[in-house]
Amino acid sequence: MRSSTAVLIKGFRIIPYGNNIEAGIDIEPSSQNCAVVGNTIAGFSLGSGFDRNFYGIVLGGYDHKIYENIIVRNLYGISSYSTCDNSRIYHNTFTDNTFHASIYYLANNQWDNGYPSGGNHWSDYKGTDLYRGTVQNETGSDGIGDKPYIVDGDEIDRYPLMKPYAGPHDIVMRPSISKTVVGEGLNITATINMTIINYGEQTETCNFSIRIDAMTDNQTLTLTSRNSTVQTYAFNTSSLPKRGYVVAAQVEPVPGETSLEDNSFTCNITVTIPGDVDGDFDVDIFDVVSICTVYSSKKGEARYVSNCDINDDEKIDIYDVVIACANYGQKYSSSSLFSSMTHATEGQFVLRSNPRHMAKSECYMRLEC
Ligand SMILES: [Ca+2]
Ligand SMILES: [Ca+2]
Ligand SMILES: [Ca+2]
Ligand SMILES: [Ca+2]
């Protein structure tokens, strides 16, 4: 765009066509007050041997708004002319660019839309999200990284998004389970934390439900924008026989929500032979190697793997190895989960469970061949 004022570029998929296309969108320094909204700008990084965008967007001039674009697989996601000031760039997704941004060192732009609206999603952002608020010092997740993202030089996104922007209504559930493999008879309680976060920009009321084996719980939650709550459950396994116990949780979508992949969660907590840290119902060399790989680590350290902490004392040491070695070679056949296998009709087998191992709701399953 050259000498353009108040031009809107919206909803395009922009890809290179021909060799050495320099930019997906080029806003020259003589332009002002334009908007680039909701486009996908997909180039190819250098070295691909095909058509390529060197730059997804080249930004120049003043007072533009660049938002809700997906900028992917370019050499530079966004670059700038030496005249490039007072534009606002937010709610974009930058992913798989060789360099996300290269901005003139004297440029002065805003790389977020303030709080709680937020900034951009950068695929190489490494920060965590434990805090909320305008200076990210209040306890609780909010979907915004706790530390700013350095765009280039002193151009900074103060509120980088933890996931690609998904519209003004988005509820996210983050699960955390203290152990998913537990030794039978070890009197261990798994802690299940489900963090439900309102990534959206309005107050939302949502229905949360969870099933942990036979236990169910339902909650109606009201969360203001960028606020979260943690639902905590304890699952004591001490008297439970060997098998998998289902944990299934979901948050019903709120009106207008489109990003649903993070609204539900399912996993198993497996009760098994003590020492079977990979949960495949045997204690073999793979389990011992898994423990040895993280040997001497403690809870809170990056190397610590809670399933390898067999006695659940928050450290992986000789006592865990001893438990595994004491049970080395033991196997628990999956067939013993079932009391009988009967031929029902041609092409079907009915497996009837041993009630000692299966919940009532899972008393049989049918395989159709
Ligand atoms: Ca945060
Ligand atoms: Ca969602
Ligand atoms: Ca195993
Ligand atoms: Ca231990």
# chains A, B, ... in the order shown; residues from 1 in each chain; ligands from 1

$ residues_near_ligand --ligand "ligand 1" --cutoff "7 Å" --atoms "only C-alpha atoms and all ligand atoms" --output "count of residues only"
11

$ select_by_dssp --residues "range 125-343 of chain A" --states "strand (DSSP E)" --output "ChimeraX atom specification"
/A:131-132,138-139,149-152,155-157,171-177,181-183,189-198,204-212,215-223,228-236,243-251,264-272,338-343

$ write_last_selection --atoms "C-alpha atoms" --output "JSON list (two decimals), in the first residue's frame"
[["chain", "number", "residue", "atom", "x", "y", "z"],
["A", 131, "TYR", "CA", -0.18, -14.80, 37.83],
["A", 132, "ARG", "CA", -2.69, -12.26, 36.61],
["A", 138, "GLU", "CA", -1.73, -11.35, 41.52],
["A", 139, "THR", "CA", -2.10, -15.09, 42.17],
["A", 149, "TYR", "CA", 7.81, -10.81, 25.15],
["A", 150, "ILE", "CA", 10.66, -8.88, 23.59],
["A", 151, "VAL", "CA", 9.53, -8.26, 20.00],
["A", 152, "ASP", "CA", 12.75, -6.58, 18.91],
["A", 155, "GLU", "CA", 9.52, -2.99, 21.11],
["A", 156, "ILE", "CA", 7.75, -5.12, 23.73],
["A", 157, "ASP", "CA", 4.54, -7.12, 23.94],
["A", 171, "ILE", "CA", -12.84, -20.85, 28.40],
["A", 172, "VAL", "CA", -9.72, -22.96, 28.88],
["A", 173, "MET", "CA", -9.28, -25.91, 31.21],
["A", 174, "ARG", "CA", -5.75, -26.81, 32.34],
["A", 175, "PRO", "CA", -5.47, -30.17, 34.10],
["A", 176, "SER", "CA", -2.79, -31.13, 36.58],
["A", 177, "ILE", "CA", -2.66, -34.59, 38.15],
["A", 181, "VAL", "CA", 0.46, -44.35, 37.74],
["A", 182, "VAL", "CA", 0.19, -45.62, 41.31],
["A", 183, "GLY", "CA", 1.43, -48.82, 42.94],
["A", 189, "THR", "CA", -3.65, -40.15, 47.10],
["A", 190, "ALA", "CA", -3.52, -38.54, 43.68],
["A", 191, "THR", "CA", -4.35, -34.84, 43.63],
["A", 192, "ILE", "CA", -6.35, -33.66, 40.64],
["A", 193, "ASN", "CA", -6.34, -29.90, 40.00],
["A", 194, "MET", "CA", -8.49, -28.55, 37.20],
["A", 195, "THR", "CA", -7.78, -24.87, 36.51],
["A", 196, "ILE", "CA", -10.58, -23.18, 34.56],
["A", 197, "ILE", "CA", -9.59, -19.86, 33.01],
["A", 198, "ASN", "CA", -11.68, -17.24, 31.25],
["A", 204, "GLU", "CA", -18.73, -15.72, 31.66],
["A", 205, "THR", "CA", -20.85, -18.24, 33.51],
["A", 206, "CYS", "CA", -19.97, -21.84, 32.60],
["A", 207, "ASN", "CA", -20.87, -25.35, 33.64],
["A", 208, "PHE", "CA", -18.00, -27.56, 34.77],
["A", 209, "SER", "CA", -18.33, -31.30, 35.37],
["A", 210, "ILE", "CA", -15.89, -34.01, 36.32],
["A", 211, "ARG", "CA", -16.00, -37.76, 36.80],
["A", 212, "ILE", "CA", -13.26, -39.55, 38.69],
["A", 215, "MET", "CA", -17.36, -39.92, 41.78],
["A", 216, "THR", "CA", -18.97, -37.03, 39.92],
["A", 217, "ASP", "CA", -19.10, -33.32, 40.60],
["A", 218, "ASN", "CA", -20.83, -30.46, 38.81],
["A", 219, "GLN", "CA", -20.20, -26.76, 39.34],
["A", 220, "THR", "CA", -21.56, -23.56, 37.85],
["A", 221, "LEU", "CA", -18.70, -21.09, 37.72],
["A", 222, "THR", "CA", -18.74, -17.35, 37.09],
["A", 223, "LEU", "CA", -15.43, -15.88, 36.01],
["A", 228, "SER", "CA", -9.48, -18.39, 36.90],
["A", 229, "THR", "CA", -10.48, -20.89, 39.55],
["A", 230, "VAL", "CA", -8.95, -24.19, 40.61],
["A", 231, "GLN", "CA", -11.16, -27.19, 41.38],
["A", 232, "THR", "CA", -9.23, -29.70, 43.49],
["A", 233, "TYR", "CA", -10.04, -33.37, 44.05],
["A", 234, "ALA", "CA", -8.29, -36.09, 46.02],
["A", 235, "PHE", "CA", -8.36, -39.66, 44.69],
["A", 236, "ASN", "CA", -7.20, -42.15, 47.30],
["A", 243, "ARG", "CA", -6.80, -51.26, 36.60],
["A", 244, "GLY", "CA", -7.24, -47.85, 35.01],
["A", 245, "TYR", "CA", -9.57, -45.33, 36.65],
["A", 246, "VAL", "CA", -11.05, -42.74, 34.33],
["A", 247, "VAL", "CA", -10.74, -39.01, 34.96],
["A", 248, "ALA", "CA", -13.04, -37.11, 32.59],
["A", 249, "ALA", "CA", -13.75, -33.39, 32.89],
["A", 250, "GLN", "CA", -15.36, -30.80, 30.69],
["A", 251, "VAL", "CA", -16.48, -27.21, 30.59],
["A", 264, "SER", "CA", -12.46, -31.19, 27.83],
["A", 265, "PHE", "CA", -9.93, -33.59, 29.27],
["A", 266, "THR", "CA", -9.75, -37.35, 29.75],
["A", 267, "CYS", "CA", -7.05, -39.57, 31.19],
["A", 268, "ASN", "CA", -6.57, -42.69, 33.28],
["A", 269, "ILE", "CA", -5.07, -43.04, 36.71],
["A", 270, "THR", "CA", -3.59, -46.54, 36.60],
["A", 271, "VAL", "CA", -3.27, -48.66, 39.72],
["A", 272, "THR", "CA", -0.68, -51.32, 38.99],
["A", 338, "PHE", "CA", -11.85, -60.13, 32.36],
["A", 339, "SER", "CA", -13.56, -63.15, 33.87],
["A", 340, "SER", "CA", -14.59, -64.71, 30.59],
["A", 341, "MET", "CA", -14.61, -64.30, 26.88],
["A", 342, "THR", "CA", -17.66, -65.65, 25.09],
["A", 343, "HIS", "CA", -18.46, -65.89, 21.45]]

$ select_by_dssp --residues "range 180-302 of chain A" --states "helix (DSSP H, G or I)" --output "list in words"
Ile285, Phe286, Asp287, Val288, Val289, Ser290, Ile291, Cys292 and Thr293 of chain A

$ closest_atom_pairs --of "chain A" --to "ligand 4" --cutoff "8 Å" --atoms "only C-alpha atoms and all ligand atoms" --output "tab-separated table"
residue	atom	partner	partner_atom_place_in_ligand_line	distance
A:Cys308	CA	ligand 4	1 (Ca)	7.5
A:Asp309	CA	ligand 4	1 (Ca)	4.1
A:Ile310	CA	ligand 4	1 (Ca)	5.5
A:Asn311	CA	ligand 4	1 (Ca)	4.8
A:Asp312	CA	ligand 4	1 (Ca)	5.2
A:Asp313	CA	ligand 4	1 (Ca)	4.7
A:Glu314	CA	ligand 4	1 (Ca)	5.7
A:Lys315	CA	ligand 4	1 (Ca)	4.5
A:Ile316	CA	ligand 4	1 (Ca)	4.2
A:Asp317	CA	ligand 4	1 (Ca)	5.7
A:Ile318	CA	ligand 4	1 (Ca)	7.9
A:Tyr319	CA	ligand 4	1 (Ca)	6.2
A:Asp320	CA	ligand 4	1 (Ca)	5.1

$ residues_near_ligand --ligand "ligand 3" --cutoff "10 Å" --atoms "only C-alpha atoms and all ligand atoms" --output "list in words"
Thr272, Ile273, Pro274, Gly275, Asp276, Val277, Asp278, Gly279, Asp280, Phe281, Asp282, Val283, Asp284, Ile285, Phe286, Asp287, Val288, Ser290, Ala324, Tyr328, Gly329, Gln330, Lys331 and Tyr332 of chain A

$ residues_near_ligand --ligand "ligand 2" --cutoff "6 Å" --atoms "only C-alpha atoms and all ligand atoms" --output "PDB file with N, CA and C atoms, in the first residue's frame"
ATOM      1  N   ASP A 170     -13.758 -17.421  25.332  1.00  0.00           N
ATOM      2  CA  ASP A 170     -12.932 -18.632  25.321  1.00  0.00           C
ATOM      3  C   ASP A 170     -12.646 -19.067  26.753  1.00  0.00           C
ATOM      4  N   ILE A 171     -13.136 -20.249  27.098  1.00  0.00           N
ATOM      5  CA  ILE A 171     -12.837 -20.846  28.395  1.00  0.00           C
ATOM      6  C   ILE A 171     -11.800 -21.942  28.166  1.00  0.00           C
ATOM      7  N   VAL A 172     -10.809 -21.991  29.009  1.00  0.00           N
ATOM      8  CA  VAL A 172      -9.719 -22.964  28.876  1.00  0.00           C
ATOM      9  C   VAL A 172      -9.607 -23.758  30.183  1.00  0.00           C
ATOM     10  N   SER A 259     -13.207 -22.090  20.183  1.00  0.00           N
ATOM     11  CA  SER A 259     -12.023 -22.910  20.451  1.00  0.00           C
ATOM     12  C   SER A 259     -12.379 -23.912  21.544  1.00  0.00           C
ATOM     13  N   LEU A 260     -12.752 -25.122  21.132  1.00  0.00           N
ATOM     14  CA  LEU A 260     -13.314 -26.083  22.076  1.00  0.00           C
ATOM     15  C   LEU A 260     -12.344 -27.189  22.475  1.00  0.00           C
ATOM     16  N   ASP A 262      -9.773 -27.191  24.175  1.00  0.00           N
ATOM     17  CA  ASP A 262      -9.268 -27.121  25.540  1.00  0.00           C
ATOM     18  C   ASP A 262     -10.395 -27.054  26.564  1.00  0.00           C
ATOM     19  N   ASN A 263     -11.600 -27.469  26.162  1.00  0.00           N
ATOM     20  CA  ASN A 263     -12.732 -27.480  27.091  1.00  0.00           C
ATOM     21  C   ASN A 263     -12.980 -28.853  27.702  1.00  0.00           C
TER      22      ASN A 263
END

$ closest_residue --among "A:Arg2, A:Lys126, A:His169, A:His100" --to "Gly61 in chain A" --atoms "only C-alpha atoms"
A:Arg2

$ atom_distance --atom1 "CA of Tyr104 in chain A" --atom2 "CA of Thr83 in chain A"
8.1 Å

$ residues_around --residues "Ser238 in chain A" --least-positions-apart "3" --cutoff "6 Å" --atoms "only C-alpha atoms" --output "JSON, numbers by chain"
{"A": [185, 186, 187, 188]}

$ closest_residue --among "A:Tyr67, A:Asn327, A:Thr40, A:Tyr90" --to "Leu161 in chain A" --atoms "only C-alpha atoms"
A:Tyr90
